[in-house]
Amino acid sequence: MRKNVSPILAQLNQVILGKEAQVELALVCLLAGGHLLIEDLPGMGKTTLAQGLATTLGLSYHRVQFTSDMLPADILGVSIFDPQKQAFHFHKGPIFNQVLLADEINRASPKTQSALLEAMAEHQISIDSETYSLPKPFFVIATQNPLDQAGTFPLPESQLDRFMMRIELGFPNMEAELAMLQGKQFNQVSQVIDTAELISMQAQVREVSASASVLNYLLRLVAESRYNATYPNPLSPRCSKTLLQAAKAKAWVAGRDYVLPDDVQAVFPAVTDHRLGVLGGAQSSGAALSETLLHAVDPLA
Amino acid sequence: MELFFKRHHLLLILLCYLATTLSLSSQIHWLVFVLAVACIGWRVGIYFGRLAAPSVMVNRVAALLGAGVLMSVVFSQGLFSAMMHLIVLGYTLKFLELSARRDINVFVCTGMVLIAVFFVFETSVMMALWGVLLSVLHLGLALSLYAEHLTAKAQTRYLTKLVLISLPLALMLFVLLPRLPPMWKLPLQNQATTGLSETVNPGDIAELSRSSALAFRASFAQGVPPANERYWRVMTMDQYVQGQWSQSESIKSAVRLAERGSRFNVEVAGAAQSYELILEPSFQTWLPSLAVSNGQNNRANLLFNYTLRNEIPITQRSMLRFSYFPDTPIRYLDLTMRQQNLLLPESGNEQTRAWAAQLKQENLSPQQQISRVLQRYAGENFRYTLRPPPLGQEQIDGFLFGSQAGFCVHYASSFVYIMRLLELPARMVTGYQGGEWDEDGGFLTVRQYDAHAWAEVYLDGQWQRFDPTAFVAPDRVERGLESALPDEFLAGDLSLMKFRNNALVNQLYLTMAKFDYVWAVWVLNYDNQKQFDLINRWFGDVDFFGQIWLFVGFFISIIVLMILWSLKPWQRPILAREDKLFLMLHQIFQKQGLERLPGETVTDFCHRMALVVPASEAYVINFSRVYNRVKYAEQANSQNEKDYLKLSLLLKQLRRHGK
């Protein structure tokens, strides 16, 4: 474990108890510069994790609770006529923050959901033929309820593809829940690093090297999803790029400057499950598609 | 019982069975088919769940009982037939125990053996193709069972590929595999003899003249003899009893001796010419030959009448090589033979006797007498026809002074009769005359309608040939029956021959004939001699051991090619040296029954092994760390070298201590 990463994780693990793997994945996602989708039932600590991440990394954040009557302007901002200056003035919306916490994103209408699209991909928004850059770094941390819950609009594939990872928290184990009930975890979350440090960490992640055999493994994984009829939604080139970034971040967090197949495997389910078409989280039967894919491809050959 | 095969498998099995056994039906005893109906019925009953599968005991009893009954019925037909019936029995009884894939394997293999047996009996091109089809059918059955994951189309494609790949291999095996003589005697059942018979009635040859079936084909090393010299002698008839010509006892005993291997020695004179015969099966021992022929290195033996007999009946298309000496006279005649060749019934045919007596009184030389007789045939109103009117009791009289219409037998018969009345030793010769010469193919085709009879008269110390038919119908001798009798030719025969005046049909016919000839020469009669010649032509002078080495070398290279084909080393990735070390480490655990899981990385595997085999922990954890560094990290070569040595060391230590 890299030295300057462990305090971050330590702090986050005090907020979300007993979910070390998910917490690490979330951090890996942000270090790789990707957006994060946290999916679970209400009350599982999704928002807490998102808030904790923003605070710990010292990022300005705004939380938006998505509802079904929400409009794009509620997120992006709106131009208002200023009678004194006789001109339109743009009021920036909550998106102009380093972290946008999109709570329960799948309760908003598709129109509002897609308002996030440009922002997530290009790190900029266009309103009334004006283009506004978003602050750097920019993350969208979205939470969503499982789709079988009432009043939800499923995220379209294009939107899902823009999230680097989707993680599920799941129920805590009994010790963790006991600790939570005993009230030990409610320490005040404080900032651990600042923005400059985060940007430098992201730069280091990009410097991590991936050898030819790891790239080959990654390509074979992606190719298997494309040429095997088992997988209804093959993985896109954007996905393979994202996968490599995530694996690099994972390797960096582990304290290495080279990627192992293990890194790829560690981030693989979080990166690909929502792309391979396992929507809604609850898998009806058998292993997840990402698991079958990992079993089908030998990391050594 | 759960059936492992589906409906189409059962149908395919049935198809294979019926096609194979029916192809062999002329050789198989009918009892087998009775058994087959029972077995198939039982199997279909099992399939539809109406009947229970027979127990092992029932199977055994059925096998023993069937074998016993069949053996008692067919054992007299010889070893080959007995063995074949045992195989067919197994093939049939397999219907009772189709409970595993293994059973279908056995079924397919048995079927293949039966197809090989089929090739023993059937030698024509069409039958060969049918045999290939049968084996493809069996292969398809096996494939459909083992390649169920493939679609029917993919299976067909795979099967086609298999067959096409194996074709050149089969061809090479055919060309190079040494020929072995058959180890058993083929059964001679249910086969009617064809061709010339041992006795001659006016009528026999007319019967043959209506058949366009092939008799034999011949090719000549020194050029084909002219049409009027192509007299293929088969038998001589020296006995005339009750209007029927036959062979006397002395010839019959000579035939029996020749069939046991005794040869009549002839002093040959003049230049030898050689020719090859490809005989169609006649199921008799006689052989057609040009006078005077000598068989070499084969089982054809000469008789004292200068005809040839084979030691075994011609049961399949066979090729024989002969030399013949056109300048060697047929000389042999001893005292009893002279008596025999002058013998006539005491009385009968009084008109002919009177005419001969009158001729005799004219005090002519024998040559003059003969030409007077032949002039009589040429001069009077004799007609050549295959449909002569019926003759009375006095056949010769009826013919010479009555109908004056007949074919070769009538002319030869009356001629020999007159010769004997004139006290000249004479005999009738039956055989074939003429044949159709194929200039491109270089072979002569002789058919049953070329059957002929003529006479030989002992004159000036040798047997001389006289063909009275030639005086009546010169076309018959010069150009064959077709031009001599265009109207009567092949009346009632429905073969392609009748339509040969159509150019296209004729072309088709000639092509087929040529192909059939090539097939007979190069496939059916591809013997050791031909093989040896061919190999010598390809590879220069090769002696016997050279041939064996060639064969062994060929086989080794085939096996090497097959190994290469299945392993495809050129498609194998080159293993990095650290990967080789990991594979060795993997083997250590494999021996303890521990496998790498699908998709498991080296790190995961090593950590798991550390848990499962605690003694190995210190080495495997380190191994995985160093391995990852060597394989995935970008580090200096020197460091890589060091790490690699470390890996080998760790592996050694693991071998020694980590178990």
# chains A, B, ... in the order shown; residues from 1 in each chain; ligands from 1
call {"tool": "closest_atom_pairs", "arguments": {"of": "region 167-213 of chain A", "to": "region 30-41 of chain A", "cutoff": "10 Å", "atoms": "only C-alpha atoms", "output": "Markdown table"}}
result
| residue | atom | partner | partner_atom | distance |
| --- | --- | --- | --- | --- |
| A:Ile167 | CA | A:Ile38 | CA | 5.1 |
| A:Glu168 | CA | A:Glu39 | CA | 5.1 |
| A:Leu169 | CA | A:Asp40 | CA | 6.4 |
| A:Gly170 | CA | A:Asp40 | CA | 6.8 |
| A:Phe171 | CA | A:Asp40 | CA | 9.3 |
| A:Leu198 | CA | A:Leu31 | CA | 7.5 |
| A:Ile199 | CA | A:Leu31 | CA | 8.5 |
| A:Ser200 | CA | A:Leu31 | CA | 9.8 |
| A:Met201 | CA | A:Leu31 | CA | 6.9 |
| A:Gln202 | CA | A:Leu31 | CA | 5.3 |
| A:Ala203 | CA | A:Leu31 | CA | 9.0 |
| A:Gln204 | CA | A:Leu31 | CA | 9.4 |
| A:Val205 | CA | A:Ala32 | CA | 6.8 |
| A:Arg206 | CA | A:Ala32 | CA | 7.9 |
call {"tool": "write_last_selection", "arguments": {"atoms": "N, CA and C atoms", "output": "PDB file, in the first residue's frame"}}
result
ATOM      1  N   ILE A 167     -20.117   0.351  -8.214  1.00  0.00           N
ATOM      2  CA  ILE A 167     -19.865  -0.545  -7.091  1.00  0.00           C
ATOM      3  C   ILE A 167     -21.134  -0.712  -6.275  1.00  0.00           C
ATOM      4  N   GLU A 168     -21.211  -1.856  -5.639  1.00  0.00           N
ATOM      5  CA  GLU A 168     -22.322  -2.109  -4.735  1.00  0.00           C
ATOM      6  C   GLU A 168     -21.745  -2.250  -3.342  1.00  0.00           C
ATOM      7  N   LEU A 169     -22.412  -1.676  -2.387  1.00  0.00           N
ATOM      8  CA  LEU A 169     -21.858  -1.743  -1.029  1.00  0.00           C
ATOM      9  C   LEU A 169     -22.264  -3.027  -0.332  1.00  0.00           C
ATOM     10  N   GLY A 170     -23.501  -3.339  -0.402  1.00  0.00           N
ATOM     11  CA  GLY A 170     -23.959  -4.557   0.254  1.00  0.00           C
ATOM     12  C   GLY A 170     -24.088  -4.375   1.760  1.00  0.00           C
ATOM     13  N   PHE A 171     -24.737  -5.360   2.368  1.00  0.00           N
ATOM     14  CA  PHE A 171     -24.954  -5.248   3.823  1.00  0.00           C
ATOM     15  C   PHE A 171     -23.631  -5.380   4.552  1.00  0.00           C
ATOM     16  N   LEU A 198      -3.963  15.720  -5.082  1.00  0.00           N
ATOM     17  CA  LEU A 198      -4.787  14.766  -5.842  1.00  0.00           C
ATOM     18  C   LEU A 198      -4.378  14.775  -7.317  1.00  0.00           C
ATOM     19  N   ILE A 199      -4.176  16.008  -7.850  1.00  0.00           N
ATOM     20  CA  ILE A 199      -3.815  16.087  -9.270  1.00  0.00           C
ATOM     21  C   ILE A 199      -2.453  15.431  -9.506  1.00  0.00           C
ATOM     22  N   SER A 200      -1.544  15.606  -8.577  1.00  0.00           N
ATOM     23  CA  SER A 200      -0.230  14.979  -8.741  1.00  0.00           C
ATOM     24  C   SER A 200      -0.349  13.455  -8.645  1.00  0.00           C
ATOM     25  N   MET A 201      -1.227  12.985  -7.747  1.00  0.00           N
ATOM     26  CA  MET A 201      -1.447  11.531  -7.668  1.00  0.00           C
ATOM     27  C   MET A 201      -1.991  10.996  -8.996  1.00  0.00           C
ATOM     28  N   GLN A 202      -2.958  11.722  -9.570  1.00  0.00           N
ATOM     29  CA  GLN A 202      -3.525  11.281 -10.864  1.00  0.00           C
ATOM     30  C   GLN A 202      -2.443  11.224 -11.934  1.00  0.00           C
ATOM     31  N   ALA A 203      -1.525  12.207 -11.883  1.00  0.00           N
ATOM     32  CA  ALA A 203      -0.429  12.210 -12.862  1.00  0.00           C
ATOM     33  C   ALA A 203       0.445  10.981 -12.667  1.00  0.00           C
ATOM     34  N   GLN A 204       0.712  10.640 -11.394  1.00  0.00           N
ATOM     35  CA  GLN A 204       1.540   9.446 -11.141  1.00  0.00           C
ATOM     36  C   GLN A 204       0.840   8.177 -11.627  1.00  0.00           C
ATOM     37  N   VAL A 205      -0.471   8.138 -11.446  1.00  0.00           N
ATOM     38  CA  VAL A 205      -1.222   6.965 -11.918  1.00  0.00           C
ATOM     39  C   VAL A 205      -1.023   6.790 -13.413  1.00  0.00           C
ATOM     40  N   ARG A 206      -1.049   7.919 -14.141  1.00  0.00           N
ATOM     41  CA  ARG A 206      -0.893   7.806 -15.600  1.00  0.00           C
ATOM     42  C   ARG A 206       0.487   7.297 -15.987  1.00  0.00           C
TER      43      ARG A 206
END
call {"tool": "residues_around", "arguments": {"residues": "region 403-415 of chain B", "least_positions_apart": "3", "cutoff": "9 Å", "atoms": "only C-alpha atoms", "output": "PyMOL selection string"}}
result
chain B and resi 200-206+245+352+373-374+377+380-391+395-400+418-420+426-430+452-455+466-470+472
call {"tool": "write_last_selection", "arguments": {"atoms": "N, CA and C atoms", "output": "short mmCIF file (atom, residue, chain, number, x, y, z; two decimals), in the first residue's frame"}}
result
data_model
loop_
_atom_site.label_atom_id
_atom_site.label_comp_id
_atom_site.auth_asym_id
_atom_site.auth_seq_id
_atom_site.Cartn_x
_atom_site.Cartn_y
_atom_site.Cartn_z
N VAL B 200 -21.36 -77.76 -77.49
CA VAL B 200 -21.89 -76.83 -78.46
C VAL B 200 -23.12 -77.42 -79.13
N ASN B 201 -24.23 -76.75 -78.92
CA ASN B 201 -25.45 -77.00 -79.66
C ASN B 201 -25.60 -75.83 -80.60
N PRO B 202 -26.05 -76.06 -81.78
CA PRO B 202 -26.41 -74.87 -82.55
C PRO B 202 -27.47 -74.14 -81.74
N GLY B 203 -27.25 -72.95 -81.35
CA GLY B 203 -28.18 -72.27 -80.45
C GLY B 203 -27.46 -71.63 -79.28
N ASP B 204 -26.42 -72.30 -78.80
CA ASP B 204 -25.70 -71.73 -77.67
C ASP B 204 -25.06 -70.40 -78.03
N ILE B 205 -24.36 -70.43 -79.15
CA ILE B 205 -23.63 -69.23 -79.51
C ILE B 205 -24.57 -68.14 -79.96
N ALA B 206 -25.73 -68.56 -80.56
CA ALA B 206 -26.72 -67.56 -80.92
C ALA B 206 -27.20 -66.83 -79.67
N TRP B 245 -21.81 -81.22 -80.31
CA TRP B 245 -20.36 -81.29 -80.24
C TRP B 245 -19.91 -81.14 -78.80
N THR B 352 -25.74 -85.97 -96.91
CA THR B 352 -24.38 -85.46 -96.78
C THR B 352 -23.38 -86.56 -97.06
N VAL B 373 -15.44 -78.00 -100.99
CA VAL B 373 -16.47 -77.85 -99.94
C VAL B 373 -16.74 -76.38 -99.64
N LEU B 374 -15.64 -75.63 -99.53
CA LEU B 374 -15.80 -74.21 -99.20
C LEU B 374 -16.50 -73.48 -100.36
N TYR B 377 -20.16 -73.65 -100.03
CA TYR B 377 -20.75 -72.66 -99.12
C TYR B 377 -20.86 -71.30 -99.79
N GLU B 380 -23.57 -71.60 -103.32
CA GLU B 380 -25.00 -71.79 -103.25
C GLU B 380 -25.66 -70.70 -102.41
N ASN B 381 -26.96 -70.89 -102.16
CA ASN B 381 -27.72 -69.81 -101.52
C ASN B 381 -27.62 -69.85 -100.00
N PHE B 382 -26.41 -69.98 -99.48
CA PHE B 382 -26.29 -70.00 -98.02
C PHE B 382 -26.42 -68.59 -97.47
N ARG B 383 -27.11 -68.54 -96.36
CA ARG B 383 -27.39 -67.27 -95.71
C ARG B 383 -26.80 -67.28 -94.31
N TYR B 384 -26.30 -66.12 -93.89
CA TYR B 384 -25.81 -66.01 -92.51
C TYR B 384 -26.87 -65.32 -91.69
N THR B 385 -27.38 -66.03 -90.66
CA THR B 385 -28.42 -65.42 -89.83
C THR B 385 -28.32 -65.99 -88.42
N LEU B 386 -28.73 -65.18 -87.47
CA LEU B 386 -28.76 -65.66 -86.08
C LEU B 386 -30.09 -66.31 -85.75
N ARG B 387 -31.05 -66.25 -86.72
CA ARG B 387 -32.35 -66.84 -86.45
C ARG B 387 -32.64 -67.89 -87.52
N PRO B 388 -31.90 -69.01 -87.46
CA PRO B 388 -32.13 -70.03 -88.48
C PRO B 388 -33.44 -70.76 -88.19
N PRO B 389 -34.05 -71.28 -89.25
CA PRO B 389 -35.26 -72.09 -89.01
C PRO B 389 -34.86 -73.38 -88.30
N PRO B 390 -35.78 -74.01 -87.57
CA PRO B 390 -35.45 -75.25 -86.87
C PRO B 390 -35.07 -76.36 -87.84
N LEU B 391 -34.08 -77.15 -87.45
CA LEU B 391 -33.63 -78.26 -88.28
C LEU B 391 -34.22 -79.55 -87.74
N GLN B 395 -29.54 -83.03 -88.61
CA GLN B 395 -29.20 -81.61 -88.61
C GLN B 395 -28.37 -81.20 -89.80
N ILE B 396 -27.34 -81.98 -90.10
CA ILE B 396 -26.41 -81.58 -91.15
C ILE B 396 -27.13 -81.57 -92.50
N ASP B 397 -27.91 -82.65 -92.74
CA ASP B 397 -28.68 -82.69 -93.97
C ASP B 397 -29.64 -81.52 -94.06
N GLY B 398 -30.31 -81.30 -92.96
CA GLY B 398 -31.30 -80.23 -92.93
C GLY B 398 -30.68 -78.89 -93.24
N PHE B 399 -29.47 -78.72 -92.77
CA PHE B 399 -28.82 -77.44 -92.99
C PHE B 399 -28.27 -77.35 -94.41
N LEU B 400 -27.50 -78.39 -94.81
CA LEU B 400 -26.79 -78.30 -96.09
C LEU B 400 -27.76 -78.38 -97.28
N ILE B 418 -18.22 -83.03 -92.79
CA ILE B 418 -17.82 -83.43 -94.14
C ILE B 418 -16.36 -83.84 -94.16
N MET B 419 -15.52 -83.08 -93.44
CA MET B 419 -14.09 -83.40 -93.39
C MET B 419 -13.87 -84.80 -92.88
N ARG B 420 -14.62 -85.15 -91.83
CA ARG B 420 -14.45 -86.47 -91.26
C ARG B 420 -14.95 -87.55 -92.23
N ALA B 426 -10.52 -83.77 -88.21
CA ALA B 426 -11.02 -82.39 -88.10
C ALA B 426 -11.70 -82.22 -86.74
N ARG B 427 -11.72 -80.99 -86.27
CA ARG B 427 -12.39 -80.71 -84.99
C ARG B 427 -12.96 -79.31 -85.04
N MET B 428 -13.92 -79.10 -84.17
CA MET B 428 -14.50 -77.77 -84.09
C MET B 428 -13.78 -77.00 -82.98
N VAL B 429 -13.54 -75.72 -83.23
CA VAL B 429 -12.92 -74.86 -82.21
C VAL B 429 -13.92 -73.77 -81.84
N THR B 430 -14.13 -73.61 -80.54
CA THR B 430 -14.98 -72.48 -80.12
C THR B 430 -14.11 -71.44 -79.44
N HIS B 452 -17.58 -67.29 -81.32
CA HIS B 452 -17.49 -67.80 -82.68
C HIS B 452 -17.12 -69.29 -82.63
N ALA B 453 -17.37 -69.99 -83.74
CA ALA B 453 -16.94 -71.38 -83.87
C ALA B 453 -16.37 -71.57 -85.26
N TRP B 454 -15.29 -72.29 -85.34
CA TRP B 454 -14.68 -72.55 -86.65
C TRP B 454 -14.07 -73.94 -86.62
N ALA B 455 -13.36 -74.30 -87.66
CA ALA B 455 -12.89 -75.69 -87.77
C ALA B 455 -11.38 -75.72 -87.90
N PHE B 466 -9.75 -73.46 -90.70
CA PHE B 466 -10.67 -73.13 -91.78
C PHE B 466 -11.92 -72.53 -91.16
N ASP B 467 -12.33 -71.40 -91.68
CA ASP B 467 -13.53 -70.77 -91.13
C ASP B 467 -14.57 -70.65 -92.23
N PRO B 468 -15.47 -71.65 -92.37
CA PRO B 468 -16.45 -71.61 -93.45
C PRO B 468 -17.35 -70.38 -93.37
N THR B 469 -17.56 -69.87 -92.17
CA THR B 469 -18.41 -68.68 -92.03
C THR B 469 -17.87 -67.54 -92.89
N ALA B 470 -16.53 -67.47 -92.96
CA ALA B 470 -15.92 -66.37 -93.70
C ALA B 470 -16.29 -66.40 -95.17
N VAL B 472 -19.24 -67.32 -96.28
CA VAL B 472 -20.64 -66.93 -96.41
C VAL B 472 -20.82 -65.46 -96.04
#
call {"tool": "closest_atom_pairs", "arguments": {"of": "chain A", "to": "chain B", "cutoff": "6 Å", "atoms": "only C-alpha atoms", "output": "tab-separated table"}}
result
residue	atom	partner	partner_atom	distance
A:Ser211	CA	B:Tyr632	CA	5.3
A:Tyr258	CA	B:Ala633	CA	5.2
A:Leu294	CA	B:Gly599	CA	5.5
A:His295	CA	B:Gly599	CA	4.3
A:Val297	CA	B:Gly599	CA	5.7
A:Asp298	CA	B:Gly599	CA	4.7
A:Pro299	CA	B:Thr601	CA	5.9
call {"tool": "select_by_dssp", "arguments": {"residues": "region 12-148 of chain A", "states": "alpha helix (DSSP H)", "output": "ChimeraX atom specification"}}
result
/A:12-15,20-31,46-56,73-76,110-122
call {"tool": "residues_around", "arguments": {"residues": "region 214-220 of chain A", "least_positions_apart": "4", "cutoff": "9 Å", "atoms": "only C-alpha atoms", "output": "list of chain:residue names"}}
result
A:Ala210, A:Glu224, A:Ser225, A:Ser240, A:Leu243, A:Leu244, A:Val259, A:Leu260, A:Pro261, A:Val264, A:Val297, A:Asp298, A:Pro299, A:Leu300, A:Ala301, B:Tyr632
